[in-house]
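Chemist: Let me begin by handing over the structure; questions about it come next.
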Amino acid sequence: MADVTLEKIVSLSKRRGFIFQSSEIYGGLNGAYDYGPLGVRLKNNIRDMWWKEMTQIHEDIVGLDASILMHPRVWEASGHVANFSDPMVDCKSCKSRFRTDQIDIEAPCPVCGNKNTFTEPRNFNLMFSTHIGAASDASSLIYLRPETAQGIYTEFKNVVASSRVKVPFGIAQVGKAFRNEITTKHFIFRSVEFEQMEMQWFCAPGTDEEWFDYWKAQRFAFYEKIGIRKSHLRWHQHGSDELAFYAKDAYDIQYLFPMGWQELEGVHNRTDYDLKQHQEFSGKDQTYLDPVSNERYLPYVVETSAGLTRNVLMALSDAYEEELLDDGETRTVLHFHPNIAPIMVAVLPLVKKDGIAEAAKELETSLREEFTTFFDVSGAIGRRYRRMDEIGTPYCITVDYQSLEDKSVTLRYRDSMEQVRIKMDEIVSVIKEANKNYKRVEK
Ligand code: ATP
């Protein structure tokens, strides 16, 4: 069984319509990607699982969809204008730009090989800026948000006033964020435009450490719920060199990507830093009057911050397998958890003639209210199974001559390739039951 590599994921993604390079016909744009027909379903399914987990299973979390463009003072208050930067050097000879923590600035330029060509390190802010309105001077300068969290902090008071929530409670949000990343290798792992799934948990000072432990456990368990192998997940605690100056504690959930262990999600104890900053910069009171203790305080915040698009890369990498079969052949299969699979059920007529294709089409149409479906008539049945394996479709239903007689079909399971004969009117309940009990067999 060959190991999964990033090249294989990139190639499958393009071939089967998961992810394309943005503006490819013009030579592409570095760090920007388009999610194709299957990719957008995979991404939306992960997003929906997260949203359900946070706002439905946890009853004390409400949703928000804040604007990407915000008042520029937000980013002064948050510290992004002053601090959200990487130290960079430029090569004076070939004009390449590098993060100083990623190269040896004493060595020759890794692109052109010339020596002593680097400029002095300069801080390069990662926020994209643009202008609002007709003027394009300093007064109209605004930013594309580099994280979704600040929209949550600035709406804290409005949510409290309008939603009957009481501390402790959370606000969840999924949305785009933008960073002018210099190093955009590793496919969608680090892109300039990406999506985040963030939840800020507002709690009373003194209860923050307990909530921090609670959310750590909840977030780790989520990845098992969407079928990610536990062996490929681990915690990484921020050391004193990584910890933001205001943060009390921070852990990353790391995933074993094809290029190694890397951050997937951060769980941070941000103290009352953000609300305090916004209170100071806006001049508007951000305190909360606790109806039980009658105390007024600035809530502490435990943040869970995950990359949605980075989750997509994890899901593809985790699911990918080139499996050596008993007959000596190899099949490429994506072992997605059914809840995130782009297509749940493929309906395949064994042959086109004698009314079998029509019966299969009718069956496929009838399943659409329940599942995402796909109908495929072309090619040998074995090849059609393989095509579905390669995009991670957990169930294939084959309609044959017997189906016309007794309304039974063959249900084939993707992972085990086991085939069972069931009645057409049992399909929905059998699949729902199988989904509930789905467990990836770790090899
Ligand atoms: P890094 O140190 O890798 O630049 P970070 O620690 O700055 O990341 P956070 O600001 O904590 O990342 O962002 C929270 C989450 O958002 C990350 O765990 C990651 O999943 C996602 N994320 C951050 N930057 C990017 C990016 N450029 N592309 C895709 N996802 C990203």
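Lettering and numbering for the structure tokens are positional, with chains as A, B, ... in the shown order, residues counted from 1 in each chain, and ligands counted from 1 in the shown order.
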Quick one: everything within 9 Å of A:Val345, counting only C-alpha atoms, minus sequence neighbours fewer than 2 positions away in the same chain. Send it as a PyMOL selection string.
Modeler: chain A and resi 343+347+364+367+371-375+393-397+431
Chemist: Take the residues that were just selected and, keeping N, CA and C atoms, output them as a PDB file, in the first residue's frame.
Modeler:
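This is the output file again_3.pdb:
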```
ATOM      1  N   ILE A 343     -20.978  12.430  -2.409  1.00  0.00           N
ATOM      2  CA  ILE A 343     -22.145  11.684  -2.924  1.00  0.00           C
ATOM      3  C   ILE A 343     -22.396  10.520  -1.977  1.00  0.00           C
ATOM      4  N   VAL A 347     -26.527   5.087  -8.032  1.00  0.00           N
ATOM      5  CA  VAL A 347     -27.435   4.060  -8.542  1.00  0.00           C
ATOM      6  C   VAL A 347     -26.958   3.661  -9.931  1.00  0.00           C
ATOM      7  N   GLU A 364     -33.270   6.234  -8.485  1.00  0.00           N
ATOM      8  CA  GLU A 364     -32.318   7.300  -8.105  1.00  0.00           C
ATOM      9  C   GLU A 364     -33.072   8.605  -7.812  1.00  0.00           C
ATOM     10  N   LEU A 367     -34.710   8.760  -4.479  1.00  0.00           N
ATOM     11  CA  LEU A 367     -33.826   8.832  -3.294  1.00  0.00           C
ATOM     12  C   LEU A 367     -33.306  10.240  -3.030  1.00  0.00           C
ATOM     13  N   PHE A 371     -30.946  11.673   0.077  1.00  0.00           N
ATOM     14  CA  PHE A 371     -29.487  11.596  -0.051  1.00  0.00           C
ATOM     15  C   PHE A 371     -28.991  12.358  -1.284  1.00  0.00           C
ATOM     16  N   THR A 372     -27.701  12.676  -1.266  1.00  0.00           N
ATOM     17  CA  THR A 372     -27.078  13.125  -2.505  1.00  0.00           C
ATOM     18  C   THR A 372     -26.829  11.878  -3.350  1.00  0.00           C
ATOM     19  N   THR A 373     -27.280  11.918  -4.589  1.00  0.00           N
ATOM     20  CA  THR A 373     -27.230  10.706  -5.416  1.00  0.00           C
ATOM     21  C   THR A 373     -26.462  10.962  -6.709  1.00  0.00           C
ATOM     22  N   PHE A 374     -26.128   9.868  -7.368  1.00  0.00           N
ATOM     23  CA  PHE A 374     -25.460   9.948  -8.662  1.00  0.00           C
ATOM     24  C   PHE A 374     -25.918   8.761  -9.491  1.00  0.00           C
ATOM     25  N   PHE A 375     -26.153   9.006 -10.771  1.00  0.00           N
ATOM     26  CA  PHE A 375     -26.629   7.962 -11.674  1.00  0.00           C
ATOM     27  C   PHE A 375     -25.567   7.746 -12.736  1.00  0.00           C
ATOM     28  N   THR A 393     -17.725   7.546  -2.512  1.00  0.00           N
ATOM     29  CA  THR A 393     -19.169   7.286  -2.373  1.00  0.00           C
ATOM     30  C   THR A 393     -19.377   6.019  -1.543  1.00  0.00           C
ATOM     31  N   PRO A 394     -20.007   6.124  -0.384  1.00  0.00           N
ATOM     32  CA  PRO A 394     -20.046   4.961   0.508  1.00  0.00           C
ATOM     33  C   PRO A 394     -20.959   3.820   0.054  1.00  0.00           C
ATOM     34  N   TYR A 395     -21.978   4.144  -0.774  1.00  0.00           N
ATOM     35  CA  TYR A 395     -22.924   3.079  -1.152  1.00  0.00           C
ATOM     36  C   TYR A 395     -23.209   3.118  -2.648  1.00  0.00           C
ATOM     37  N   CYS A 396     -23.153   1.921  -3.273  1.00  0.00           N
ATOM     38  CA  CYS A 396     -23.586   1.786  -4.660  1.00  0.00           C
ATOM     39  C   CYS A 396     -24.766   0.819  -4.691  1.00  0.00           C
ATOM     40  N   ILE A 397     -25.772   1.183  -5.467  1.00  0.00           N
ATOM     41  CA  ILE A 397     -26.936   0.305  -5.608  1.00  0.00           C
ATOM     42  C   ILE A 397     -27.024  -0.124  -7.051  1.00  0.00           C
ATOM     43  N   ILE A 431     -29.449   2.403   4.784  1.00  0.00           N
ATOM     44  CA  ILE A 431     -28.326   3.351   4.674  1.00  0.00           C
ATOM     45  C   ILE A 431     -28.249   4.241   5.918  1.00  0.00           C
TER      46      ILE A 431
END
```
Chemist: Do you have, as a Markdown table, the list of residues of stretch 151-249 of chain A lying at most 7 Å from stretch 29-39 of chain A, each with its nearest atom pair and that distance in Å to one decimal, counting only C-alpha atoms and ordered by chain then number?
Modeler:
```
| residue | atom | partner | partner_atom | distance |
| --- | --- | --- | --- | --- |
| A:Thr184 | CA | A:Gly31 | CA | 5.2 |
| A:Ser191 | CA | A:Gly31 | CA | 4.4 |
| A:Val192 | CA | A:Gly31 | CA | 5.2 |
| A:Glu193 | CA | A:Ala32 | CA | 6.1 |
```
Chemist: Go ahead and write the selection's residues with C-alpha atoms as a JSON list (two decimals), in the first residue's frame.
Modeler:
```json
[["chain", "number", "residue", "atom", "x", "y", "z"],
["A", 184, "THR", "CA", 1.80, 29.25, -0.08],
["A", 191, "SER", "CA", -3.84, 29.85, 1.09],
["A", 192, "VAL", "CA", -4.34, 33.58, 0.73],
["A", 193, "GLU", "CA", -8.12, 33.22, 0.81]]
```
Chemist: Within stretch 80-161 of chain A, find each residue whose DSSP state, derived from the backbone, is helix (DSSP H, G or I), and express the selection as JSON, numbers by chain.
Modeler: {"A": [80, 81, 82, 83, 138, 139, 140, 149, 150, 151, 152, 153, 154, 156, 157, 158, 159, 160, 161]}
Chemist: Could you write out the selected residues, including N, CA and C atoms, as a PDB file, in the first residue's frame?
Modeler:
```pdb
ATOM      1  N   HIS A  80      -3.702  43.683  15.033  1.00  0.00           N
ATOM      2  CA  HIS A  80      -3.255  43.199  13.716  1.00  0.00           C
ATOM      3  C   HIS A  80      -2.472  44.252  12.929  1.00  0.00           C
ATOM      4  N   VAL A  81      -2.848  45.533  13.060  1.00  0.00           N
ATOM      5  CA  VAL A  81      -2.113  46.559  12.300  1.00  0.00           C
ATOM      6  C   VAL A  81      -0.657  46.607  12.773  1.00  0.00           C
ATOM      7  N   ALA A  82      -0.477  46.532  14.075  1.00  0.00           N
ATOM      8  CA  ALA A  82       0.890  46.649  14.607  1.00  0.00           C
ATOM      9  C   ALA A  82       1.671  45.340  14.538  1.00  0.00           C
ATOM     10  N   ASN A  83       0.983  44.227  14.746  1.00  0.00           N
ATOM     11  CA  ASN A  83       1.743  42.988  14.988  1.00  0.00           C
ATOM     12  C   ASN A  83       1.537  41.840  14.017  1.00  0.00           C
ATOM     13  N   ALA A 138      -5.376  57.720   2.806  1.00  0.00           N
ATOM     14  CA  ALA A 138      -5.291  57.028   4.096  1.00  0.00           C
ATOM     15  C   ALA A 138      -6.643  56.966   4.805  1.00  0.00           C
ATOM     16  N   SER A 139      -7.494  57.963   4.552  1.00  0.00           N
ATOM     17  CA  SER A 139      -8.768  57.989   5.269  1.00  0.00           C
ATOM     18  C   SER A 139      -9.732  56.908   4.795  1.00  0.00           C
ATOM     19  N   SER A 140      -9.499  56.352   3.618  1.00  0.00           N
ATOM     20  CA  SER A 140     -10.427  55.336   3.100  1.00  0.00           C
ATOM     21  C   SER A 140      -9.842  53.925   3.178  1.00  0.00           C
ATOM     22  N   ALA A 149     -12.809  36.083  13.945  1.00  0.00           N
ATOM     23  CA  ALA A 149     -13.097  36.284  15.373  1.00  0.00           C
ATOM     24  C   ALA A 149     -13.489  37.715  15.735  1.00  0.00           C
ATOM     25  N   GLN A 150     -12.850  38.695  15.100  1.00  0.00           N
ATOM     26  CA  GLN A 150     -13.106  40.074  15.541  1.00  0.00           C
ATOM     27  C   GLN A 150     -14.557  40.501  15.312  1.00  0.00           C
ATOM     28  N   GLY A 151     -15.196  39.939  14.288  1.00  0.00           N
ATOM     29  CA  GLY A 151     -16.612  40.224  14.057  1.00  0.00           C
ATOM     30  C   GLY A 151     -17.464  39.744  15.219  1.00  0.00           C
ATOM     31  N   ILE A 152     -17.011  38.676  15.848  1.00  0.00           N
ATOM     32  CA  ILE A 152     -17.740  38.142  17.015  1.00  0.00           C
ATOM     33  C   ILE A 152     -17.572  39.076  18.210  1.00  0.00           C
ATOM     34  N   TYR A 153     -16.347  39.532  18.448  1.00  0.00           N
ATOM     35  CA  TYR A 153     -16.122  40.417  19.613  1.00  0.00           C
ATOM     36  C   TYR A 153     -16.895  41.723  19.481  1.00  0.00           C
ATOM     37  N   THR A 154     -16.897  42.279  18.258  1.00  0.00           N
ATOM     38  CA  THR A 154     -17.538  43.588  18.103  1.00  0.00           C
ATOM     39  C   THR A 154     -19.070  43.477  18.185  1.00  0.00           C
ATOM     40  N   PHE A 156     -20.493  41.393  20.426  1.00  0.00           N
ATOM     41  CA  PHE A 156     -20.785  40.770  21.718  1.00  0.00           C
ATOM     42  C   PHE A 156     -21.987  41.425  22.409  1.00  0.00           C
ATOM     43  N   LYS A 157     -21.966  42.734  22.499  1.00  0.00           N
ATOM     44  CA  LYS A 157     -23.034  43.439  23.221  1.00  0.00           C
ATOM     45  C   LYS A 157     -24.391  43.303  22.515  1.00  0.00           C
ATOM     46  N   ASN A 158     -24.370  43.397  21.176  1.00  0.00           N
ATOM     47  CA  ASN A 158     -25.629  43.255  20.430  1.00  0.00           C
ATOM     48  C   ASN A 158     -26.238  41.876  20.627  1.00  0.00           C
ATOM     49  N   VAL A 159     -25.391  40.865  20.630  1.00  0.00           N
ATOM     50  CA  VAL A 159     -25.906  39.498  20.806  1.00  0.00           C
ATOM     51  C   VAL A 159     -26.478  39.339  22.212  1.00  0.00           C
ATOM     52  N   VAL A 160     -25.768  39.837  23.211  1.00  0.00           N
ATOM     53  CA  VAL A 160     -26.274  39.743  24.589  1.00  0.00           C
ATOM     54  C   VAL A 160     -27.623  40.460  24.704  1.00  0.00           C
ATOM     55  N   ALA A 161     -27.714  41.652  24.099  1.00  0.00           N
ATOM     56  CA  ALA A 161     -28.936  42.448  24.238  1.00  0.00           C
ATOM     57  C   ALA A 161     -30.120  41.845  23.485  1.00  0.00           C
TER      58      ALA A 161
END
```
Chemist: So which residues are near ligand 1, meaning at most 7 Å away with only C-alpha atoms and all ligand atoms counted, given back as JSON, numbers by chain?
Modeler: {"A": [147, 179, 181, 188, 189, 190, 191, 192, 193, 194, 195, 196, 263, 264, 265, 266, 305, 306, 307, 308, 309, 310]}
Chemist: Could you please determine the separation between atom CA of A:Glu329 and atom CA of A:Lys14 in Å, to one decimal place?
Modeler: 23.5 Å
